[in-house]
Amino acid sequence: MKHLLAGIFMLSLVNLGFSQAKSYKVQTIAFYNMENLFDTINDPKINDEEYLPVKGWTHKNYKKKLDNLSRVLPEIGVGENQKNAPVVIGVCEIENRGVLEDLVKHPKMVPHGYSIIHFDSPDGRGIDTGLLYQSKYFTPTSYTNIPLYIYRDAEDNKKEEEKDEDSEDKMVTDVKSKRVYTRDQLLVTGYLDGEEISFIVNHWPSRSGGEKRSSPYREAAGRLNRQIIDSLYKINPNAKVITMGDLNDGPMNKSVKKELGAKGKKSDVKEFGIYNPMEEMSKKGIGTLAYRDSWDLFDQMMLTEPLVRKEGTGWIYWKAGVYNKPFLVQKEGRWKGYPLRNSNGVPGFSDHFPVYVYLIKEVR
């Protein structure tokens with residue numbers, strides 16, 4: 001009996017040794033709302049008047065904003081288990097492709113070799129979504145911008161005039177068609193170290209006019225996002241997709257829970273489902289932006305079921321986080337503890353914290 005027990009114990013040690021000997025690649029995927037990354041050039045096609053030299057948005061301010069963002073981006077997710085900057089970064093609240101080109105040319109960004117995918121959106125303020133990627137790790141094979149068509153009726157227009165939430169992100173409506181102009185959803189598919197993965201970058205309609213009144217617009221955005229994911233599932237039942245963005249809704253809102261169908265627990269994610277790791281974070285009080293001393297987690301990253309399978313192979317989800325290092329936090333004044341945003345003509349980082357997920361893949 002002694003010899004039998006000793007043998008079982010030694011076998012357990014051997015098995016443990018094999019388990020511990022496994023090694024994994026780790027890559028970071030991130031998202032960041034850059035809070036009004038505008039250049040200093042007047043574009044007559046968009047409403048950029050607040051970010052011009054005559055309004056105090058000088059070249060010096062623009063350069064400082066680029067300095068700030070280039071400090072943040074390469075550090076998102078970097079820590080004990082990850083030394084590399086994010087291989088893919090979804091971004092929003094950017095004026096045009098030119099500001100992204102200036103950003104990736106910054107000395108702190110150049111070593112990482114970021115390339116750009118961007119389309120102009122019909123948003124009234126001209127702010128767009130975009131994707132930055134390290135071309136040595138990720139190779140795009142297709143990309144497109146998918147428009148969100150939403151319309152406002154006459155009664156809604158009247159209510160909009162009566163009350164509006166305190167937000168820079170006002171929704172612009174076409175007078176004749178009543179179409180509400182908002183951001184497209186950017187879909188990019190490619191190969192991450194040889195495995196196909198798709199990314200959707202979102203910036204859903206704002207809460208301009210109030211949360212309840214504007215909710216149908218974000219619910220429509222959630223439905224469109226779900227349609228895009230379902231179309232990818234139809235092409236490949238094992239499609240690995242990460243949808244990310246500033247949703248202007250939290251994980252428990254209807255747009256996310258019902259229209260997109262995201263689940264907050266891995267065990268609840270069925271075939272063709274979507275997992276939202278931000279739901280549990282939100283329940284713990286973790287947020288990415290603050291409004292009237294209340295934290296919200298509007299910046300979210302969600303993954304399709306093949307990325308969270310227990311028996312999954314290739315790239316799989318490991319964990320998620322909010323990048324809220326002290327240098328990104330307001331230290332004093334009325335907004336102490338909030339994200340360090342642009343204020344009184346002084347460029348900050350953003351009024352949102354970045355978010356990220358780690359993907360891991362066993363090295364065989």
# chains A, B, ... in the order shown; residues from 1 in each chain; ligands from 1
>>> residues_around(residues="Lys60 in chain A", least_positions_apart="3", cutoff="12 Å", atoms="only C-alpha atoms", output="PyMOL selection string")
chain A and resi 39-40+52-53+56-57+63-67+345-347
>>> residues_around(residues="Glu75 in chain A", least_positions_apart="6", cutoff="12 Å", atoms="only C-alpha atoms", output="PDB file with C-alpha atoms, in the first residue's frame")
ATOM      1  CA  THR A  28      -3.265  42.464 -25.761  1.00  0.00           C
ATOM      2  CA  ILE A  29      -6.267  43.873 -27.619  1.00  0.00           C
ATOM      3  CA  ALA A  30      -7.331  47.344 -26.444  1.00  0.00           C
ATOM      4  CA  ASN A  68      -0.366  62.276 -23.914  1.00  0.00           C
ATOM      5  CA  LEU A  69      -2.036  59.636 -26.058  1.00  0.00           C
ATOM      6  CA  GLN A  82       2.818  41.009 -20.853  1.00  0.00           C
ATOM      7  CA  LYS A  83       5.713  43.132 -22.095  1.00  0.00           C
ATOM      8  CA  ASN A  84       4.436  43.979 -25.562  1.00  0.00           C
ATOM      9  CA  ALA A  85       2.224  46.951 -26.439  1.00  0.00           C
ATOM     10  CA  PRO A  86      -1.290  46.076 -27.662  1.00  0.00           C
ATOM     11  CA  VAL A  87      -1.217  44.417 -31.066  1.00  0.00           C
ATOM     12  CA  ILE A  89      -6.212  49.040 -30.637  1.00  0.00           C
ATOM     13  CA  LYS A 108       6.877  56.772 -28.645  1.00  0.00           C
ATOM     14  CA  MET A 109       4.668  54.985 -31.165  1.00  0.00           C
ATOM     15  CA  HIS A 112       5.759  49.478 -32.368  1.00  0.00           C
ATOM     16  CA  TYR A 323      -6.268  50.679 -17.601  1.00  0.00           C
ATOM     17  CA  ASN A 324      -6.607  53.364 -14.932  1.00  0.00           C
ATOM     18  CA  LYS A 325      -3.056  54.113 -13.817  1.00  0.00           C
ATOM     19  CA  PHE A 327      -1.160  59.378 -14.179  1.00  0.00           C
ATOM     20  CA  LEU A 328      -4.525  59.138 -15.998  1.00  0.00           C
ATOM     21  CA  PRO A 354      -8.885  52.531 -21.869  1.00  0.00           C
ATOM     22  CA  VAL A 355      -9.983  48.890 -21.643  1.00  0.00           C
ATOM     23  CA  TYR A 356      -8.258  45.726 -22.786  1.00  0.00           C
TER      24      TYR A 356
END
>>> closest_residue(among="A:Gly264, A:Pro44, A:Gly222, A:Pro140", to="Ser115 in chain A", atoms="only C-alpha atoms")
A:Pro140
>>> select_by_dssp(residues="range 144-265 of chain A", states="alpha helix (DSSP H)", output="PyMOL selection string")
chain A and resi 154-162+211-235+254
>>> residues_around(residues="range 302-305 of chain A", least_positions_apart="3", cutoff="9 Å", atoms="only C-alpha atoms", output="PDB file with N, CA and C atoms, in the first residue's frame")
ATOM      1  N   ILE A 229     -22.150  40.121 -36.273  1.00  0.00           N
ATOM      2  CA  ILE A 229     -21.562  38.922 -35.670  1.00  0.00           C
ATOM      3  C   ILE A 229     -22.239  37.664 -36.220  1.00  0.00           C
ATOM      4  N   ASN A 238     -17.275  28.811 -36.226  1.00  0.00           N
ATOM      5  CA  ASN A 238     -16.268  28.965 -35.181  1.00  0.00           C
ATOM      6  C   ASN A 238     -15.591  30.335 -35.238  1.00  0.00           C
ATOM      7  N   ALA A 239     -16.312  31.322 -35.743  1.00  0.00           N
ATOM      8  CA  ALA A 239     -15.736  32.657 -35.910  1.00  0.00           C
ATOM      9  C   ALA A 239     -15.308  33.250 -34.570  1.00  0.00           C
ATOM     10  N   LYS A 240     -14.087  33.710 -34.523  1.00  0.00           N
ATOM     11  CA  LYS A 240     -13.572  34.395 -33.344  1.00  0.00           C
ATOM     12  C   LYS A 240     -13.671  35.898 -33.604  1.00  0.00           C
ATOM     13  N   VAL A 241     -14.513  36.551 -32.803  1.00  0.00           N
ATOM     14  CA  VAL A 241     -14.802  37.968 -33.009  1.00  0.00           C
ATOM     15  C   VAL A 241     -14.687  38.704 -31.677  1.00  0.00           C
ATOM     16  N   ILE A 242     -14.062  39.866 -31.708  1.00  0.00           N
ATOM     17  CA  ILE A 242     -14.043  40.762 -30.553  1.00  0.00           C
ATOM     18  C   ILE A 242     -14.732  42.056 -30.967  1.00  0.00           C
ATOM     19  N   THR A 243     -15.839  42.382 -30.309  1.00  0.00           N
ATOM     20  CA  THR A 243     -16.518  43.646 -30.561  1.00  0.00           C
ATOM     21  C   THR A 243     -16.221  44.572 -29.394  1.00  0.00           C
ATOM     22  N   MET A 244     -15.840  45.796 -29.711  1.00  0.00           N
ATOM     23  CA  MET A 244     -15.337  46.721 -28.681  1.00  0.00           C
ATOM     24  C   MET A 244     -15.806  48.131 -28.969  1.00  0.00           C
ATOM     25  N   ALA A 262     -25.404  39.680 -24.961  1.00  0.00           N
ATOM     26  CA  ALA A 262     -24.155  39.349 -24.271  1.00  0.00           C
ATOM     27  C   ALA A 262     -24.429  38.771 -22.885  1.00  0.00           C
ATOM     28  N   LYS A 266     -19.261  33.046 -18.248  1.00  0.00           N
ATOM     29  CA  LYS A 266     -18.828  32.133 -19.305  1.00  0.00           C
ATOM     30  C   LYS A 266     -19.745  30.929 -19.411  1.00  0.00           C
ATOM     31  N   VAL A 269     -22.708  31.204 -21.733  1.00  0.00           N
ATOM     32  CA  VAL A 269     -22.471  31.461 -23.155  1.00  0.00           C
ATOM     33  C   VAL A 269     -22.609  30.157 -23.940  1.00  0.00           C
ATOM     34  N   LYS A 270     -23.645  30.084 -24.756  1.00  0.00           N
ATOM     35  CA  LYS A 270     -23.907  28.897 -25.563  1.00  0.00           C
ATOM     36  C   LYS A 270     -23.292  29.057 -26.953  1.00  0.00           C
ATOM     37  N   GLU A 271     -23.468  28.043 -27.777  1.00  0.00           N
ATOM     38  CA  GLU A 271     -22.965  28.097 -29.146  1.00  0.00           C
ATOM     39  C   GLU A 271     -23.528  29.326 -29.855  1.00  0.00           C
ATOM     40  N   PHE A 272     -22.704  30.027 -30.567  1.00  0.00           N
ATOM     41  CA  PHE A 272     -23.024  31.263 -31.288  1.00  0.00           C
ATOM     42  C   PHE A 272     -23.320  32.428 -30.338  1.00  0.00           C
ATOM     43  N   GLY A 273     -22.932  32.289 -29.081  1.00  0.00           N
ATOM     44  CA  GLY A 273     -23.181  33.332 -28.097  1.00  0.00           C
ATOM     45  C   GLY A 273     -22.050  34.339 -27.988  1.00  0.00           C
ATOM     46  N   ILE A 274     -22.223  35.284 -27.042  1.00  0.00           N
ATOM     47  CA  ILE A 274     -21.269  36.367 -26.833  1.00  0.00           C
ATOM     48  C   ILE A 274     -21.026  36.529 -25.335  1.00  0.00           C
ATOM     49  N   TYR A 275     -19.777  36.653 -24.968  1.00  0.00           N
ATOM     50  CA  TYR A 275     -19.387  36.817 -23.562  1.00  0.00           C
ATOM     51  C   TYR A 275     -18.936  38.245 -23.304  1.00  0.00           C
ATOM     52  N   ASN A 276     -19.430  38.818 -22.202  1.00  0.00           N
ATOM     53  CA  ASN A 276     -19.056  40.181 -21.825  1.00  0.00           C
ATOM     54  C   ASN A 276     -18.358  40.181 -20.466  1.00  0.00           C
ATOM     55  N   PRO A 277     -17.033  40.173 -20.442  1.00  0.00           N
ATOM     56  CA  PRO A 277     -16.302  40.159 -19.166  1.00  0.00           C
ATOM     57  C   PRO A 277     -16.482  41.446 -18.374  1.00  0.00           C
ATOM     58  N   MET A 278     -16.966  42.513 -19.031  1.00  0.00           N
ATOM     59  CA  MET A 278     -17.138  43.790 -18.348  1.00  0.00           C
ATOM     60  C   MET A 278     -18.349  43.789 -17.413  1.00  0.00           C
ATOM     61  N   VAL A 308     -13.977  31.649 -25.809  1.00  0.00           N
ATOM     62  CA  VAL A 308     -14.081  31.349 -24.378  1.00  0.00           C
ATOM     63  C   VAL A 308     -14.388  29.873 -24.114  1.00  0.00           C
ATOM     64  N   ARG A 309     -14.240  29.023 -25.114  1.00  0.00           N
ATOM     65  CA  ARG A 309     -14.463  27.593 -24.934  1.00  0.00           C
ATOM     66  C   ARG A 309     -13.395  26.992 -24.034  1.00  0.00           C
ATOM     67  N   TYR A 317      -9.570  33.631 -24.862  1.00  0.00           N
ATOM     68  CA  TYR A 317      -9.633  34.715 -23.879  1.00  0.00           C
ATOM     69  C   TYR A 317      -8.993  34.296 -22.563  1.00  0.00           C
TER      70      TYR A 317
END
>>> atom_distance(atom1="CA of Phe31 in chain A", atom2="CA of Val91 in chain A")
5.7 Å
>>> select_by_dssp(residues="range 89-251 of chain A", states="strand (DSSP E or B)", output="NGL selection string")
:A and (89-94 or 114-118 or 128-134 or 138-146 or 150-151 or 172-173 or 179-181 or 185-192 or 195-203 or 241-246)
>>> write_last_selection(atoms="C-alpha atoms", output="PDB file, in the first residue's frame")
ATOM      1  CA  ILE A  89      -6.212  49.040 -30.637  1.00  0.00           C
ATOM      2  CA  GLY A  90      -9.727  50.189 -31.477  1.00  0.00           C
ATOM      3  CA  VAL A  91     -10.185  53.960 -31.147  1.00  0.00           C
ATOM      4  CA  CYS A  92     -12.986  56.500 -31.327  1.00  0.00           C
ATOM      5  CA  GLU A  93     -13.547  60.274 -31.157  1.00  0.00           C
ATOM      6  CA  ILE A  94     -10.922  60.980 -33.802  1.00  0.00           C
ATOM      7  CA  TYR A 114       1.367  50.628 -35.983  1.00  0.00           C
ATOM      8  CA  SER A 115      -0.654  50.750 -39.205  1.00  0.00           C
ATOM      9  CA  ILE A 116      -4.096  52.336 -39.626  1.00  0.00           C
ATOM     10  CA  ILE A 117      -7.572  51.369 -40.806  1.00  0.00           C
ATOM     11  CA  HIS A 118     -10.019  54.261 -40.952  1.00  0.00           C
ATOM     12  CA  ASP A 128     -14.879  58.577 -36.409  1.00  0.00           C
ATOM     13  CA  THR A 129     -13.777  55.152 -35.270  1.00  0.00           C
ATOM     14  CA  GLY A 130     -10.513  53.545 -36.345  1.00  0.00           C
ATOM     15  CA  LEU A 131      -8.164  50.633 -35.805  1.00  0.00           C
ATOM     16  CA  LEU A 132      -4.428  50.642 -35.104  1.00  0.00           C
ATOM     17  CA  TYR A 133      -2.514  47.386 -35.468  1.00  0.00           C
ATOM     18  CA  GLN A 134       1.050  46.150 -35.302  1.00  0.00           C
ATOM     19  CA  PHE A 138      -1.757  41.200 -37.418  1.00  0.00           C
ATOM     20  CA  THR A 139      -2.467  41.035 -41.157  1.00  0.00           C
ATOM     21  CA  PRO A 140      -5.834  42.445 -42.280  1.00  0.00           C
ATOM     22  CA  THR A 141      -7.587  40.616 -45.114  1.00  0.00           C
ATOM     23  CA  SER A 142     -10.786  42.685 -45.304  1.00  0.00           C
ATOM     24  CA  TYR A 143     -12.288  45.768 -43.724  1.00  0.00           C
ATOM     25  CA  THR A 144     -15.442  47.822 -44.178  1.00  0.00           C
ATOM     26  CA  ASN A 145     -17.537  50.443 -42.418  1.00  0.00           C
ATOM     27  CA  ILE A 146     -21.151  49.431 -41.839  1.00  0.00           C
ATOM     28  CA  ILE A 150     -31.698  55.430 -37.385  1.00  0.00           C
ATOM     29  CA  TYR A 151     -34.441  58.025 -37.725  1.00  0.00           C
ATOM     30  CA  VAL A 172     -27.385  65.651 -35.591  1.00  0.00           C
ATOM     31  CA  THR A 173     -30.588  65.012 -37.536  1.00  0.00           C
ATOM     32  CA  ARG A 179     -31.986  60.486 -40.216  1.00  0.00           C
ATOM     33  CA  VAL A 180     -29.842  60.716 -37.102  1.00  0.00           C
ATOM     34  CA  TYR A 181     -26.221  60.842 -38.204  1.00  0.00           C
ATOM     35  CA  GLN A 185     -19.411  50.271 -37.132  1.00  0.00           C
ATOM     36  CA  LEU A 186     -15.947  49.323 -38.375  1.00  0.00           C
ATOM     37  CA  LEU A 187     -15.414  45.632 -39.193  1.00  0.00           C
ATOM     38  CA  VAL A 188     -11.873  44.333 -39.719  1.00  0.00           C
ATOM     39  CA  THR A 189     -10.952  40.692 -40.362  1.00  0.00           C
ATOM     40  CA  GLY A 190      -7.419  39.364 -40.524  1.00  0.00           C
ATOM     41  CA  TYR A 191      -4.846  36.944 -39.175  1.00  0.00           C
ATOM     42  CA  LEU A 192      -3.325  37.315 -35.725  1.00  0.00           C
ATOM     43  CA  GLU A 195      -5.253  32.640 -36.968  1.00  0.00           C
ATOM     44  CA  GLU A 196      -8.290  34.455 -38.333  1.00  0.00           C
ATOM     45  CA  ILE A 197      -9.933  36.938 -35.938  1.00  0.00           C
ATOM     46  CA  SER A 198     -12.421  39.735 -36.602  1.00  0.00           C
ATOM     47  CA  PHE A 199     -12.708  43.030 -34.741  1.00  0.00           C
ATOM     48  CA  ILE A 200     -15.674  45.407 -34.638  1.00  0.00           C
ATOM     49  CA  VAL A 201     -15.019  48.957 -33.431  1.00  0.00           C
ATOM     50  CA  ASN A 202     -18.056  50.854 -32.126  1.00  0.00           C
ATOM     51  CA  HIS A 203     -19.071  54.274 -30.891  1.00  0.00           C
ATOM     52  CA  VAL A 241     -14.802  37.968 -33.009  1.00  0.00           C
ATOM     53  CA  ILE A 242     -14.043  40.762 -30.553  1.00  0.00           C
ATOM     54  CA  THR A 243     -16.518  43.646 -30.561  1.00  0.00           C
ATOM     55  CA  MET A 244     -15.337  46.721 -28.681  1.00  0.00           C
ATOM     56  CA  GLY A 245     -16.171  50.341 -28.183  1.00  0.00           C
ATOM     57  CA  ASP A 246     -17.734  53.198 -26.300  1.00  0.00           C
TER      58      ASP A 246
END
>>> residues_around(residues="Ala221 in chain A", least_positions_apart="5", cutoff="12 Å", atoms="only C-alpha atoms", output="ChimeraX atom specification")
/A:146-150,182-185,201-206,214-216,226-228,245-249,254-256,258-260
>>> atom_distance(atom1="CA of Tyr338 in chain A", atom2="CA of Glu35 in chain A")
13.8 Å
>>> closest_residue(among="A:Leu232, A:Met171, A:Met34, A:Leu359", to="Asn47 in chain A", atoms="only C-alpha atoms")
A:Met171
>>> atom_distance(atom1="CA of Arg223 in chain A", atom2="CA of Ile235 in chain A")
18.6 Å
>>> closest_residue(among="A:Asp120, A:Ile76, A:Leu224, A:Arg97", to="Ala320 in chain A", atoms="only C-alpha atoms")
A:Ile76
